[in-house]
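Peer 1: entry.pdb is reproduced in full below (PDB, C-alpha atoms and all ligand atoms).
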```pdb
ATOM      1  CA  MET A 147      80.542 135.255  71.711
ATOM      2  CA  THR A 148      83.457 137.659  72.027
ATOM      3  CA  THR A 149      81.079 140.214  73.517
ATOM      4  CA  ASP A 150      79.697 137.598  75.897
ATOM      5  CA  LEU A 151      83.195 136.733  77.103
ATOM      6  CA  ALA A 152      84.184 140.387  77.438
ATOM      7  CA  GLU A 153      81.060 140.998  79.487
ATOM      8  CA  HIS A 154      82.314 138.398  81.950
ATOM      9  CA  ASP A 155      85.824 139.813  82.046
ATOM     10  CA  ILE A 156      87.324 136.967  79.987
ATOM     11  CA  ARG A 157      89.873 137.249  77.131
ATOM     12  CA  THR A 158      90.966 134.294  75.027
ATOM     13  CA  ILE A 159      94.156 132.810  73.614
ATOM     14  CA  GLY A 160      92.740 130.338  71.106
ATOM     15  CA  GLN A 161      90.499 128.004  73.149
ATOM     16  CA  LEU A 162      92.059 129.125  76.402
ATOM     17  CA  LYS A 163      90.245 131.615  78.647
ATOM     18  CA  ILE A 164      92.216 134.328  80.403
ATOM     19  CA  ASN A 165      90.126 135.708  83.247
ATOM     20  CA  GLY A 166      90.163 139.232  84.640
ATOM     21  CA  PRO A 167      89.640 140.653  88.168
ATOM     22  CA  LYS A 168      85.815 140.438  88.053
ATOM     23  CA  ALA A 169      85.999 136.763  87.112
ATOM     24  CA  PHE A 170      88.439 136.168  90.008
ATOM     25  CA  GLU A 171      85.925 137.783  92.348
ATOM     26  CA  LYS A 172      83.144 135.427  91.129
ATOM     27  CA  MET A 173      85.401 132.404  91.655
ATOM     28  CA  ARG A 174      86.266 133.516  95.199
ATOM     29  CA  VAL A 175      82.566 133.559  95.999
ATOM     30  CA  ILE A 176      81.669 130.169  94.487
ATOM     31  CA  GLY A 177      84.925 128.555  95.641
ATOM     32  CA  LYS A 178      84.202 129.526  99.237
ATOM     33  CA  LEU A 179      80.630 128.225  98.976
ATOM     34  CA  ALA A 180      81.777 124.862  97.562
ATOM     35  CA  ALA A 181      84.416 124.540 100.297
ATOM     36  CA  GLY A 182      81.749 125.498 102.830
ATOM     37  CA  ALA A 183      79.628 122.547 101.671
ATOM     38  CA  LEU A 184      82.533 120.192 102.441
ATOM     39  CA  ASP A 185      83.047 121.912 105.807
ATOM     40  CA  MET A 186      79.360 121.409 106.613
ATOM     41  CA  LEU A 187      79.761 117.645 106.087
ATOM     42  CA  THR A 188      82.733 117.311 108.423
ATOM     43  CA  ASN A 189      80.994 116.288 111.617
ATOM     44  CA  LYS A 190      78.037 114.710 109.829
ATOM     45  CA  ILE A 191      79.810 111.805 108.138
ATOM     46  CA  VAL A 192      79.436 108.953 110.632
ATOM     47  CA  PRO A 193      79.121 105.149 110.609
ATOM     48  CA  GLY A 194      75.576 103.987 109.820
ATOM     49  CA  MET A 195      74.579 106.776 107.454
ATOM     50  CA  THR A 196      74.087 106.256 103.706
ATOM     51  CA  THR A 197      75.787 108.105 100.872
ATOM     52  CA  ASP A 198      72.301 109.245  99.784
ATOM     53  CA  GLU A 199      72.124 111.149 103.079
ATOM     54  CA  ILE A 200      75.381 112.935 102.146
ATOM     55  CA  ASP A 201      73.840 113.757  98.765
ATOM     56  CA  ARG A 202      70.756 115.219 100.437
ATOM     57  CA  LEU A 203      72.892 117.381 102.753
ATOM     58  CA  VAL A 204      74.789 118.744  99.728
ATOM     59  CA  PHE A 205      71.555 119.378  97.801
ATOM     60  CA  GLU A 206      70.011 121.235 100.747
ATOM     61  CA  TYR A 207      73.184 123.267 101.309
ATOM     62  CA  ALA A 208      73.150 124.292  97.633
ATOM     63  CA  LEU A 209      69.534 125.456  97.782
ATOM     64  CA  LYS A 210      70.064 127.293 101.074
ATOM     65  CA  HIS A 211      72.978 129.198  99.510
ATOM     66  CA  GLU A 212      71.148 129.802  96.202
ATOM     67  CA  CYS A 213      73.540 127.627  94.209
ATOM     68  CA  LEU A 214      72.943 124.814  91.733
ATOM     69  CA  PRO A 215      74.699 121.478  92.250
ATOM     70  CA  ALA A 216      76.533 121.017  88.924
ATOM     71  CA  PRO A 217      76.515 117.164  88.883
ATOM     72  CA  LEU A 218      72.681 116.984  88.994
ATOM     73  CA  HIS A 219      71.596 115.974  85.449
ATOM     74  CA  TYR A 220      75.135 116.462  84.151
ATOM     75  CA  ARG A 221      75.548 113.910  81.327
ATOM     76  CA  GLY A 222      72.898 111.699  82.875
ATOM     77  CA  PHE A 223      74.278 111.846  86.451
ATOM     78  CA  ARG A 224      71.312 111.927  88.850
ATOM     79  CA  LYS A 225      72.805 113.112  92.139
ATOM     80  CA  SER A 226      74.180 116.370  93.555
ATOM     81  CA  CYS A 227      77.677 115.112  94.418
ATOM     82  CA  CYS A 228      79.965 112.113  94.009
ATOM     83  CA  THR A 229      80.681 109.789  96.951
ATOM     84  CA  SER A 230      83.595 107.405  96.392
ATOM     85  CA  ILE A 231      84.295 104.823  99.095
ATOM     86  CA  ASN A 232      87.584 102.910  99.654
ATOM     87  CA  HIS A 233      88.634 101.308  96.315
ATOM     88  CA  VAL A 234      86.283 103.606  94.380
ATOM     89  CA  VAL A 235      88.585 106.057  92.601
ATOM     90  CA  CYS A 236      86.003 108.710  91.655
ATOM     91  CA  HIS A 237      82.441 109.370  90.399
ATOM     92  CA  GLY A 238      80.802 107.070  92.964
ATOM     93  CA  ILE A 239      77.023 107.541  92.850
ATOM     94  CA  PRO A 240      75.264 108.270  96.158
ATOM     95  CA  SER A 241      72.980 105.362  97.059
ATOM     96  CA  ASP A 242      71.574 103.388  99.989
ATOM     97  CA  ARG A 243      75.116 102.089 100.694
ATOM     98  CA  VAL A 244      75.696 102.399 104.447
ATOM     99  CA  LEU A 245      79.026 103.837 105.634
ATOM    100  CA  ARG A 246      80.855 101.513 108.012
ATOM    101  CA  ASP A 247      83.450 102.195 110.680
ATOM    102  CA  GLY A 248      86.867 102.225 108.963
ATOM    103  CA  ASP A 249      85.668 103.355 105.518
ATOM    104  CA  VAL A 250      87.253 106.351 103.832
ATOM    105  CA  VAL A 251      84.925 108.311 101.577
ATOM    106  CA  ASN A 252      85.622 111.085  99.109
ATOM    107  CA  VAL A 253      82.895 113.669  98.603
ATOM    108  CA  ASP A 254      83.216 115.757  95.434
ATOM    109  CA  VAL A 255      81.070 118.884  95.288
ATOM    110  CA  THR A 256      80.666 121.323  92.402
ATOM    111  CA  LEU A 257      78.366 124.306  92.911
ATOM    112  CA  ILE A 258      77.271 126.962  90.410
ATOM    113  CA  LYS A 259      76.357 130.572  91.173
ATOM    114  CA  ASP A 260      75.781 133.246  88.519
ATOM    115  CA  GLY A 261      77.048 130.659  86.008
ATOM    116  CA  TRP A 262      80.442 130.265  87.738
ATOM    117  CA  HIS A 263      81.610 126.825  88.974
ATOM    118  CA  GLY A 264      83.527 125.903  92.148
ATOM    119  CA  ASP A 265      84.748 122.271  92.180
ATOM    120  CA  THR A 266      86.379 120.648  95.222
ATOM    121  CA  ASN A 267      86.663 117.308  96.989
ATOM    122  CA  ARG A 268      88.082 115.900 100.209
ATOM    123  CA  MET A 269      88.486 112.559 101.961
ATOM    124  CA  TYR A 270      86.526 111.821 105.146
ATOM    125  CA  PHE A 271      87.245 109.178 107.771
ATOM    126  CA  VAL A 272      84.231 107.150 108.849
ATOM    127  CA  GLY A 273      84.764 106.428 112.522
ATOM    128  CA  LYS A 274      88.262 105.106 113.186
ATOM    129  CA  VAL A 275      90.265 104.222 110.058
ATOM    130  CA  ASN A 276      93.487 102.248 109.891
ATOM    131  CA  ARG A 277      96.896 103.912 109.663
ATOM    132  CA  LYS A 278      97.353 102.771 106.057
ATOM    133  CA  ALA A 279      94.213 104.603 104.905
ATOM    134  CA  GLU A 280      95.209 107.684 106.897
ATOM    135  CA  ARG A 281      98.625 107.649 105.256
ATOM    136  CA  LEU A 282      97.196 107.366 101.727
ATOM    137  CA  CYS A 283      94.997 110.405 102.399
ATOM    138  CA  GLU A 284      97.984 112.395 103.713
ATOM    139  CA  ILE A 285     100.081 111.481 100.664
ATOM    140  CA  THR A 286      97.285 112.427  98.263
ATOM    141  CA  TYR A 287      96.663 115.791  99.937
ATOM    142  CA  GLU A 288     100.381 116.568  99.923
ATOM    143  CA  ALA A 289     100.644 115.528  96.250
ATOM    144  CA  MET A 290      97.824 117.913  95.309
ATOM    145  CA  MET A 291      99.375 120.781  97.280
ATOM    146  CA  ARG A 292     102.800 120.226  95.684
ATOM    147  CA  GLY A 293     101.173 120.401  92.238
ATOM    148  CA  ILE A 294      99.367 123.613  93.162
ATOM    149  CA  ALA A 295     102.518 125.156  94.667
ATOM    150  CA  VAL A 296     104.355 125.137  91.322
ATOM    151  CA  ALA A 297     101.398 126.569  89.328
ATOM    152  CA  ARG A 298     102.508 130.085  88.368
ATOM    153  CA  PRO A 299     103.051 132.148  85.207
ATOM    154  CA  GLY A 300     106.003 130.755  83.276
ATOM    155  CA  ALA A 301     105.638 127.219  84.669
ATOM    156  CA  THR A 302     103.979 124.522  82.557
ATOM    157  CA  LEU A 303     101.264 121.934  83.121
ATOM    158  CA  GLY A 304     104.056 119.347  82.932
ATOM    159  CA  ASP A 305     105.652 120.975  85.999
ATOM    160  CA  VAL A 306     102.363 120.553  87.892
ATOM    161  CA  GLY A 307     101.957 116.909  86.835
ATOM    162  CA  ALA A 308     105.587 116.092  87.574
ATOM    163  CA  ALA A 309     105.422 117.586  91.091
ATOM    164  CA  ILE A 310     102.391 115.408  91.887
ATOM    165  CA  GLN A 311     103.712 112.227  90.296
ATOM    166  CA  THR A 312     107.215 112.465  91.755
ATOM    167  CA  PHE A 313     105.905 112.868  95.281
ATOM    168  CA  ALA A 314     103.264 110.108  95.087
ATOM    169  CA  GLU A 315     105.586 107.610  93.444
ATOM    170  CA  ALA A 316     108.369 108.294  95.957
ATOM    171  CA  GLU A 317     105.823 107.132  98.549
ATOM    172  CA  ARG A 318     105.333 103.923  96.485
ATOM    173  CA  CYS A 319     101.836 104.901  95.401
ATOM    174  CA  SER A 320     100.503 105.221  91.840
ATOM    175  CA  ILE A 321      98.743 107.996  89.947
ATOM    176  CA  VAL A 322      95.523 107.295  88.045
ATOM    177  CA  ARG A 323      95.885 108.259  84.355
ATOM    178  CA  GLU A 324      92.308 108.049  83.087
ATOM    179  CA  PHE A 325      90.991 111.154  84.876
ATOM    180  CA  CYS A 326      92.493 114.607  85.066
ATOM    181  CA  GLY A 327      91.960 118.139  86.298
ATOM    182  CA  HIS A 328      90.342 120.622  83.933
ATOM    183  CA  GLY A 329      89.855 124.236  83.040
ATOM    184  CA  ILE A 330      86.830 125.681  84.859
ATOM    185  CA  GLY A 331      84.835 128.899  85.139
ATOM    186  CA  ARG A 332      81.537 129.401  83.332
ATOM    187  CA  VAL A 333      82.158 125.932  81.844
ATOM    188  CA  PHE A 334      82.324 122.916  84.246
ATOM    189  CA  HIS A 335      84.920 120.904  82.293
ATOM    190  CA  ASP A 336      86.905 123.211  80.015
ATOM    191  CA  VAL A 337      90.320 123.055  78.346
ATOM    192  CA  PRO A 338      93.054 122.425  79.292
ATOM    193  CA  ASN A 339      93.313 118.864  80.613
ATOM    194  CA  VAL A 340      95.448 118.973  83.749
ATOM    195  CA  LEU A 341      97.327 115.661  83.959
ATOM    196  CA  HIS A 342      98.566 114.520  87.363
ATOM    197  CA  TYR A 343     101.772 113.096  85.885
ATOM    198  CA  GLY A 344     104.274 114.433  83.390
ATOM    199  CA  GLN A 345     107.683 115.889  82.704
ATOM    200  CA  PRO A 346     108.981 119.252  83.969
ATOM    201  CA  GLY A 347     108.952 121.900  81.246
ATOM    202  CA  GLU A 348     106.521 120.002  79.020
ATOM    203  CA  GLY A 349     102.907 120.838  78.198
ATOM    204  CA  MET A 350     101.095 124.150  78.038
ATOM    205  CA  ALA A 351     102.661 127.242  79.622
ATOM    206  CA  LEU A 352     100.618 128.737  82.458
ATOM    207  CA  HIS A 353      99.345 132.304  82.187
ATOM    208  CA  GLU A 354      98.015 134.737  84.749
ATOM    209  CA  GLY A 355      94.206 134.549  84.595
ATOM    210  CA  MET A 356      93.870 130.798  83.969
ATOM    211  CA  PHE A 357      91.400 128.858  86.148
ATOM    212  CA  PHE A 358      91.681 125.085  86.539
ATOM    213  CA  THR A 359      91.331 122.230  89.007
ATOM    214  CA  VAL A 360      94.063 120.022  90.463
ATOM    215  CA  GLU A 361      92.540 116.707  91.591
ATOM    216  CA  PRO A 362      94.955 113.782  91.746
ATOM    217  CA  MET A 363      93.665 110.264  92.370
ATOM    218  CA  VAL A 364      96.319 108.183  94.127
ATOM    219  CA  ASN A 365      96.198 104.382  94.572
ATOM    220  CA  PHE A 366      97.984 102.191  97.093
ATOM    221  CA  GLY A 367      98.292  99.453  94.465
ATOM    222  CA  LYS A 368      98.523  99.604  90.701
ATOM    223  CA  ALA A 369      97.303 102.576  88.669
ATOM    224  CA  ALA A 370      94.766 100.661  86.545
ATOM    225  CA  VAL A 371      91.074 101.511  86.924
ATOM    226  CA  LYS A 372      87.841 100.298  85.373
ATOM    227  CA  VAL A 373      84.399 101.876  85.157
ATOM    228  CA  LEU A 374      81.478  99.791  86.438
ATOM    229  CA  ASN A 375      78.321  99.036  84.423
ATOM    230  CA  ASP A 376      76.527 102.073  85.859
ATOM    231  CA  GLY A 377      78.727 104.082  83.471
ATOM    232  CA  TRP A 378      80.194 106.241  86.264
ATOM    233  CA  THR A 379      81.775 104.433  89.218
ATOM    234  CA  ALA A 380      85.540 104.103  88.636
ATOM    235  CA  VAL A 381      87.318 101.498  90.795
ATOM    236  CA  THR A 382      90.889 100.239  91.089
ATOM    237  CA  ARG A 383      91.292  97.007  89.096
ATOM    238  CA  ASP A 384      93.296  95.426  91.922
ATOM    239  CA  ARG A 385      90.735  96.700  94.483
ATOM    240  CA  SER A 386      93.472  98.604  96.323
ATOM    241  CA  LEU A 387      92.562 101.707  98.293
ATOM    242  CA  SER A 388      92.320 104.997  96.366
ATOM    243  CA  ALA A 389      92.193 108.610  97.558
ATOM    244  CA  GLN A 390      91.610 112.013  95.959
ATOM    245  CA  PHE A 391      91.638 115.700  96.863
ATOM    246  CA  GLU A 392      90.598 118.578  94.606
ATOM    247  CA  HIS A 393      90.944 122.340  94.616
ATOM    248  CA  THR A 394      89.889 124.946  92.070
ATOM    249  CA  ILE A 395      92.664 127.500  91.565
ATOM    250  CA  GLY A 396      93.433 130.672  89.639
ATOM    251  CA  ILE A 397      96.859 131.725  88.361
ATOM    252  CA  THR A 398      97.938 135.176  89.559
ATOM    253  CA  ALA A 399     101.163 137.079  88.886
ATOM    254  CA  ASP A 400     102.306 135.989  92.369
ATOM    255  CA  GLY A 401     101.388 132.306  92.033
ATOM    256  CA  PRO A 402      98.358 130.126  92.671
ATOM    257  CA  GLU A 403      95.214 131.410  94.391
ATOM    258  CA  ILE A 404      93.170 128.549  95.893
ATOM    259  CA  PHE A 405      89.478 129.449  95.528
ATOM    260  CA  THR A 406      88.236 126.383  97.435
ATOM    261  CA  LYS A 407      90.290 126.670 100.626
ATOM    262  CA  SER A 408      88.304 125.564 103.673
ATOM    263  CA  PRO A 409      86.906 128.587 105.557
ATOM    264  CA  ALA A 410      86.858 126.375 108.687
ATOM    265  CA  GLY A 411      90.444 125.146 108.271
ATOM    266  CA  PHE A 412      89.202 121.609 107.446
ATOM    267  CA  ASP A 413      91.288 121.150 104.300
ATOM    268  CA  HIS A 414      92.320 117.609 105.171
ATOM    269  CA  PRO A 415      91.571 114.983 107.812
ATOM    270  CA  PRO A 416      91.751 114.346 110.676
ATOM    271  CA  TYR A 417      89.352 117.269 111.117
ATOM    272  CA  ALA A 418      88.834 116.907 114.862
TER     273      ALA A 418
HETATM  274  N1  LIG B 501      83.379 116.989  90.191
HETATM  275  C1  LIG B 501      83.953 116.049  89.250
HETATM  276  C2  LIG B 501      85.243 116.670  88.786
HETATM  277  O1  LIG B 501      86.069 116.921  89.615
HETATM  278  C3  LIG B 501      83.050 115.733  88.111
HETATM  279  C4  LIG B 501      81.832 115.003  88.512
HETATM  280  S1  LIG B 501      80.861 114.767  87.142
HETATM  281  C5  LIG B 501      79.559 113.967  87.792
HETATM  282  O2  LIG B 501      85.476 117.023  87.683
HETATM  283  F1  LIG B 501      78.649 113.981  86.904
HETATM  284  F2  LIG B 501      79.942 112.753  88.128
HETATM  285  F3  LIG B 501      79.166 114.572  88.859
HETATM  286 CO    CO B 502      86.998 118.629  88.827
HETATM  287 CO    CO B 503      85.179 117.594  91.407
END
```
Could I get this file's structure written as structure tokens?
Peer 2:
Amino acid sequence: MTTDLAEHDIRTIGQLKINGPKAFEKMRVIGKLAAGALDMLTNKIVPGMTTDEIDRLVFEYALKHECLPAPLHYRGFRKSCCTSINHVVCHGIPSDRVLRDGDVVNVDVTLIKDGWHGDTNRMYFVGKVNRKAERLCEITYEAMMRGIAVARPGATLGDVGAAIQTFAEAERCSIVREFCGHGIGRVFHDVPNVLHYGQPGEGMALHEGMFFTVEPMVNFGKAAVKVLNDGWTAVTRDRSLSAQFEHTIGITADGPEIFTKSPAGFDHPPYA
């Protein structure tokens, strides 16, 4: 095990993996590919299409780029990405559901290459969406970026959570508690849990070489969610609108490196 980790340029502090320069290079490659999948979808998400069609586009992109879609057969999940519409918070399952003008949809893509995972999601506007939905997406993107901005050696996970929570709540929105960001690398969902709320100075200290995701889910209404009978689809209990953005990042001596930045500059809508 130790040898296996060393071979991949990984040291450990207890359960925690501290990645070296070769591991960073692998994450740059897979992060760019995952972001490229979301870029590819940008002009393709239109009223009248189904979420299964999005799933197919992601599957085909993965094959074309010699990647595996991590969600496929992950804990019984049967699709290549998650598609979460309107009040769906996360883990929506692609289906024959038709996208309608005014919907907002999150597409969450995780690709694997050489065993390394890149995990990222964005919101998409279907046709013309109302100002309220646009604003929730802007707030959620900004919340994620504020969390990422404070992620550096010496800071703590509590600093990241607090930056996200403070911003979202100042905008009178709420942060979902049931789902969090996660360590990532050769494991899809690794330690630590990255909460999107918290207190400055609390939680685990960040070290150069850590890889994790930041993926806040922000609701217009109350924070409470429930999971539907399919075992996956999480929705807001009050059916209020929910948004999410996700990046995979690495901690460097100089601060955060975002592996899943959009090569096309399509990090957040409106993309036109
Ligand atoms: N990509 C999601 C995350 O951000 C996890 C999806 S698991 C799946 O962690 F099985 F639903 F795909
Ligand atoms: Co994730
Ligand atoms: Co994800």
Peer 1: Please write out the residues within 9 Å of ligand CO 503 (chain B) as a list in words, counting only C-alpha atoms and all ligand atoms.
Peer 2: Cys227, Cys228, Cys236, His237, Val253, Asp254, Val255, Thr256, Gly264, Asp265, Thr266, Asn267, Gly327, Thr359, Glu361, Phe391, Glu392, His393 and Thr394 of chain A
Peer 1: Find the residues of range 277-375 of chain A that sit at most 12 Å from range 402-408 of chain A; for each, write down the nearest two atoms and how far apart they are in Å, to one decimal. Count all atoms listed in the file. Sort by chain, then by number going up, and give it as JSON lines.
Peer 2:
```
{"residue": "A:Met290", "atom": "CA", "partner": "A:Ile404", "partner_atom": "CA", "distance": 11.6}
{"residue": "A:Met291", "atom": "CA", "partner": "A:Ile404", "partner_atom": "CA", "distance": 10.0}
{"residue": "A:Arg292", "atom": "CA", "partner": "A:Pro402", "partner_atom": "CA", "distance": 11.3}
{"residue": "A:Gly293", "atom": "CA", "partner": "A:Pro402", "partner_atom": "CA", "distance": 10.1}
{"residue": "A:Ile294", "atom": "CA", "partner": "A:Pro402", "partner_atom": "CA", "distance": 6.6}
{"residue": "A:Ala295", "atom": "CA", "partner": "A:Pro402", "partner_atom": "CA", "distance": 6.8}
{"residue": "A:Val296", "atom": "CA", "partner": "A:Pro402", "partner_atom": "CA", "distance": 7.9}
{"residue": "A:Ala297", "atom": "CA", "partner": "A:Pro402", "partner_atom": "CA", "distance": 5.8}
{"residue": "A:Arg298", "atom": "CA", "partner": "A:Pro402", "partner_atom": "CA", "distance": 6.0}
{"residue": "A:Pro299", "atom": "CA", "partner": "A:Pro402", "partner_atom": "CA", "distance": 9.0}
{"residue": "A:Ala301", "atom": "CA", "partner": "A:Pro402", "partner_atom": "CA", "distance": 11.2}
{"residue": "A:Val306", "atom": "CA", "partner": "A:Pro402", "partner_atom": "CA", "distance": 11.4}
{"residue": "A:Ile330", "atom": "CA", "partner": "A:Phe405", "partner_atom": "CA", "distance": 11.6}
{"residue": "A:Gly331", "atom": "CA", "partner": "A:Phe405", "partner_atom": "CA", "distance": 11.4}
{"residue": "A:Leu352", "atom": "CA", "partner": "A:Pro402", "partner_atom": "CA", "distance": 10.6}
{"residue": "A:His353", "atom": "CA", "partner": "A:Pro402", "partner_atom": "CA", "distance": 10.8}
{"residue": "A:Glu354", "atom": "CA", "partner": "A:Pro402", "partner_atom": "CA", "distance": 9.2}
{"residue": "A:Gly355", "atom": "CA", "partner": "A:Pro402", "partner_atom": "CA", "distance": 10.1}
{"residue": "A:Met356", "atom": "CA", "partner": "A:Pro402", "partner_atom": "CA", "distance": 9.8}
{"residue": "A:Phe357", "atom": "CA", "partner": "A:Glu403", "partner_atom": "CA", "distance": 9.4}
{"residue": "A:Phe358", "atom": "CA", "partner": "A:Ile404", "partner_atom": "CA", "distance": 10.1}
{"residue": "A:Thr359", "atom": "CA", "partner": "A:Ile404", "partner_atom": "CA", "distance": 9.5}
{"residue": "A:Val360", "atom": "CA", "partner": "A:Ile404", "partner_atom": "CA", "distance": 10.1}
```
Peer 1: Specify the axis-aligned box that encloses all atoms of range 310-321 of chain A listed in the file after padding of 4 Å on each side, stating its centre and edge lengths in Å to one decimal as AutoDock Vina command-line options.
Peer 2:
```
--center_x 103.6 --center_y 109.7 --center_z 94.2 --size_x 17.6 --size_y 19.5 --size_z 16.6
```
Peer 1: Would you kindly translate the PyMOL selection byres (((chain A and resi 336-345) around 8) and not hetatm) into the concrete residues it picks from this file, as a JSON list (two decimals) with C-alpha atoms, keeping the file's coordinate frame?
Peer 2:
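Below you can see selection-v9.json, which holds the result:
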```
[["chain", "number", "residue", "atom", "x", "y", "z"],
["A", 161, "GLN", "CA", 90.50, 128.00, 73.15],
["A", 162, "LEU", "CA", 92.06, 129.12, 76.40],
["A", 303, "LEU", "CA", 101.26, 121.93, 83.12],
["A", 304, "GLY", "CA", 104.06, 119.35, 82.93],
["A", 305, "ASP", "CA", 105.65, 120.98, 86.00],
["A", 306, "VAL", "CA", 102.36, 120.55, 87.89],
["A", 307, "GLY", "CA", 101.96, 116.91, 86.84],
["A", 308, "ALA", "CA", 105.59, 116.09, 87.57],
["A", 309, "ALA", "CA", 105.42, 117.59, 91.09],
["A", 310, "ILE", "CA", 102.39, 115.41, 91.89],
["A", 311, "GLN", "CA", 103.71, 112.23, 90.30],
["A", 321, "ILE", "CA", 98.74, 108.00, 89.95],
["A", 322, "VAL", "CA", 95.52, 107.30, 88.04],
["A", 323, "ARG", "CA", 95.88, 108.26, 84.36],
["A", 325, "PHE", "CA", 90.99, 111.15, 84.88],
["A", 326, "CYS", "CA", 92.49, 114.61, 85.07],
["A", 327, "GLY", "CA", 91.96, 118.14, 86.30],
["A", 328, "HIS", "CA", 90.34, 120.62, 83.93],
["A", 329, "GLY", "CA", 89.86, 124.24, 83.04],
["A", 330, "ILE", "CA", 86.83, 125.68, 84.86],
["A", 331, "GLY", "CA", 84.84, 128.90, 85.14],
["A", 333, "VAL", "CA", 82.16, 125.93, 81.84],
["A", 334, "PHE", "CA", 82.32, 122.92, 84.25],
["A", 335, "HIS", "CA", 84.92, 120.90, 82.29],
["A", 346, "PRO", "CA", 108.98, 119.25, 83.97],
["A", 347, "GLY", "CA", 108.95, 121.90, 81.25],
["A", 348, "GLU", "CA", 106.52, 120.00, 79.02],
["A", 358, "PHE", "CA", 91.68, 125.08, 86.54],
["A", 359, "THR", "CA", 91.33, 122.23, 89.01],
["A", 360, "VAL", "CA", 94.06, 120.02, 90.46],
["A", 361, "GLU", "CA", 92.54, 116.71, 91.59],
["A", 362, "PRO", "CA", 94.96, 113.78, 91.75]]
```
Peer 1: Kindly indicate which residue among A:Asn365, A:Asn252, A:Thr312, A:Asn276 lies nearest to Ser230 in chain A, using only C-alpha atoms for the distances.
Peer 2: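 The closest residue to Ser230 in chain A is A:Asn252.
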Peer 1: One decimal, in Å: what's the spacing between CA of Lys259 in chain A and CA of Ala410 in chain A?
Peer 2: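 Here the two named atoms are 20.8 Å from each other.
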Peer 1: Which of these, A:Lys372, A:Lys190, A:Ala180, A:Ala289, has the shortest distance to ligand CO 502 (chain B) once you count all atoms listed in the file?
Peer 2: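 Closest candidate: A:Ala180.
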Peer 1: Given all atoms listed in the file as the basis, pick out the residue of A:Cys283, A:Met350, A:Val204, A:Cys319 nearest to Leu257 in chain A.
Peer 2: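 Among the listed residues, A:Val204 lies closest to Leu257 in chain A.
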Peer 1: Can you spell out as a list in words the set of residues that the PyMOL selection byres (((chain A and resi 370) around 7) and not hetatm) selects in the structure I just provided?
Peer 2: Val322, Lys368, Ala369, Val371, Thr382 and Arg383 of chain A
Peer 1: Which residue gives the smallest distance to ligand LIG 501 (chain B) among A:Leu179, A:Ala216, A:Ala169, A:Val272, with all atoms listed in the file counted?
Peer 2: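 The answer is A:Ala216, which sits nearest to ligand LIG 501 (chain B).
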Peer 1: For the file shown, what are the residues hit by the PyMOL selection byres (((chain A and resi 282) around 8) and not hetatm), laid out as a PDB file with C-alpha atoms, in the coordinates of the input?
Peer 2:
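Writing the result to selection_28.pdb gives the following:
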```pdb
ATOM      1  CA  LYS A 278      97.353 102.771 106.057  1.00  0.00           C
ATOM      2  CA  ALA A 279      94.213 104.603 104.905  1.00  0.00           C
ATOM      3  CA  GLU A 280      95.209 107.684 106.897  1.00  0.00           C
ATOM      4  CA  ARG A 281      98.625 107.649 105.256  1.00  0.00           C
ATOM      5  CA  CYS A 283      94.997 110.405 102.399  1.00  0.00           C
ATOM      6  CA  GLU A 284      97.984 112.395 103.713  1.00  0.00           C
ATOM      7  CA  ILE A 285     100.081 111.481 100.664  1.00  0.00           C
ATOM      8  CA  THR A 286      97.285 112.427  98.263  1.00  0.00           C
ATOM      9  CA  VAL A 364      96.319 108.183  94.127  1.00  0.00           C
ATOM     10  CA  ASN A 365      96.198 104.382  94.572  1.00  0.00           C
ATOM     11  CA  PHE A 366      97.984 102.191  97.093  1.00  0.00           C
ATOM     12  CA  SER A 388      92.320 104.997  96.366  1.00  0.00           C
ATOM     13  CA  ALA A 389      92.193 108.610  97.558  1.00  0.00           C
TER      14      ALA A 389
END
```
Peer 1: So which residues touch Asp249 in chain A within 9 Å, counting only C-alpha atoms, skipping near sequence neighbours fewer than 6 positions away, as a PDB file with C-alpha atoms, in the coordinates of the input?
Peer 2:
```pdb
ATOM      1  CA  PRO A 193      79.121 105.149 110.609  1.00  0.00           C
ATOM      2  CA  ILE A 231      84.295 104.823  99.095  1.00  0.00           C
ATOM      3  CA  ASN A 232      87.584 102.910  99.654  1.00  0.00           C
ATOM      4  CA  TYR A 270      86.526 111.821 105.146  1.00  0.00           C
ATOM      5  CA  PHE A 271      87.245 109.178 107.771  1.00  0.00           C
ATOM      6  CA  VAL A 272      84.231 107.150 108.849  1.00  0.00           C
ATOM      7  CA  GLY A 273      84.764 106.428 112.522  1.00  0.00           C
ATOM      8  CA  LYS A 274      88.262 105.106 113.186  1.00  0.00           C
ATOM      9  CA  VAL A 275      90.265 104.222 110.058  1.00  0.00           C
ATOM     10  CA  ALA A 279      94.213 104.603 104.905  1.00  0.00           C
TER      11      ALA A 279
END
```
Peer 1: Pick from A:Val244, A:Ile176, A:Val234, A:Ala316: nearest to Trp262 in chain A, with only C-alpha atoms counted?
Peer 2: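 Checking each candidate against Trp262 in chain A, we get A:Ile176 as the closest.
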Peer 1: Taking all atoms listed in the file into account, which of A:Met186, A:Ile191, A:Ile239, A:Ala399 comes nearest ligand LIG 501 (chain B)?
Peer 2: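 Among A:Met186, A:Ile191, A:Ile239, A:Ala399, it is A:Ile239 that comes nearest to ligand LIG 501 (chain B).
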Peer 1: Distance CA of Val251 in chain A-CA of Met173 in chain A, one decimal place?
Peer 2: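 These two atoms are separated by 26.1 Å.
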Peer 1: Give me, please, the distance in Å between CA of Pro416 in chain A and atom C5 of ligand LIG 501 (chain B), quoted to one decimal.
Peer 2: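 Between these atoms lies a distance of 25.9 Å.
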Peer 1: Neighbours of Gly367 in chain A within 7 Å (only C-alpha atoms; same-chain residues fewer than 5 positions away dropped), as number ranges by chain?
Peer 2: A: 319-320, 384, 386
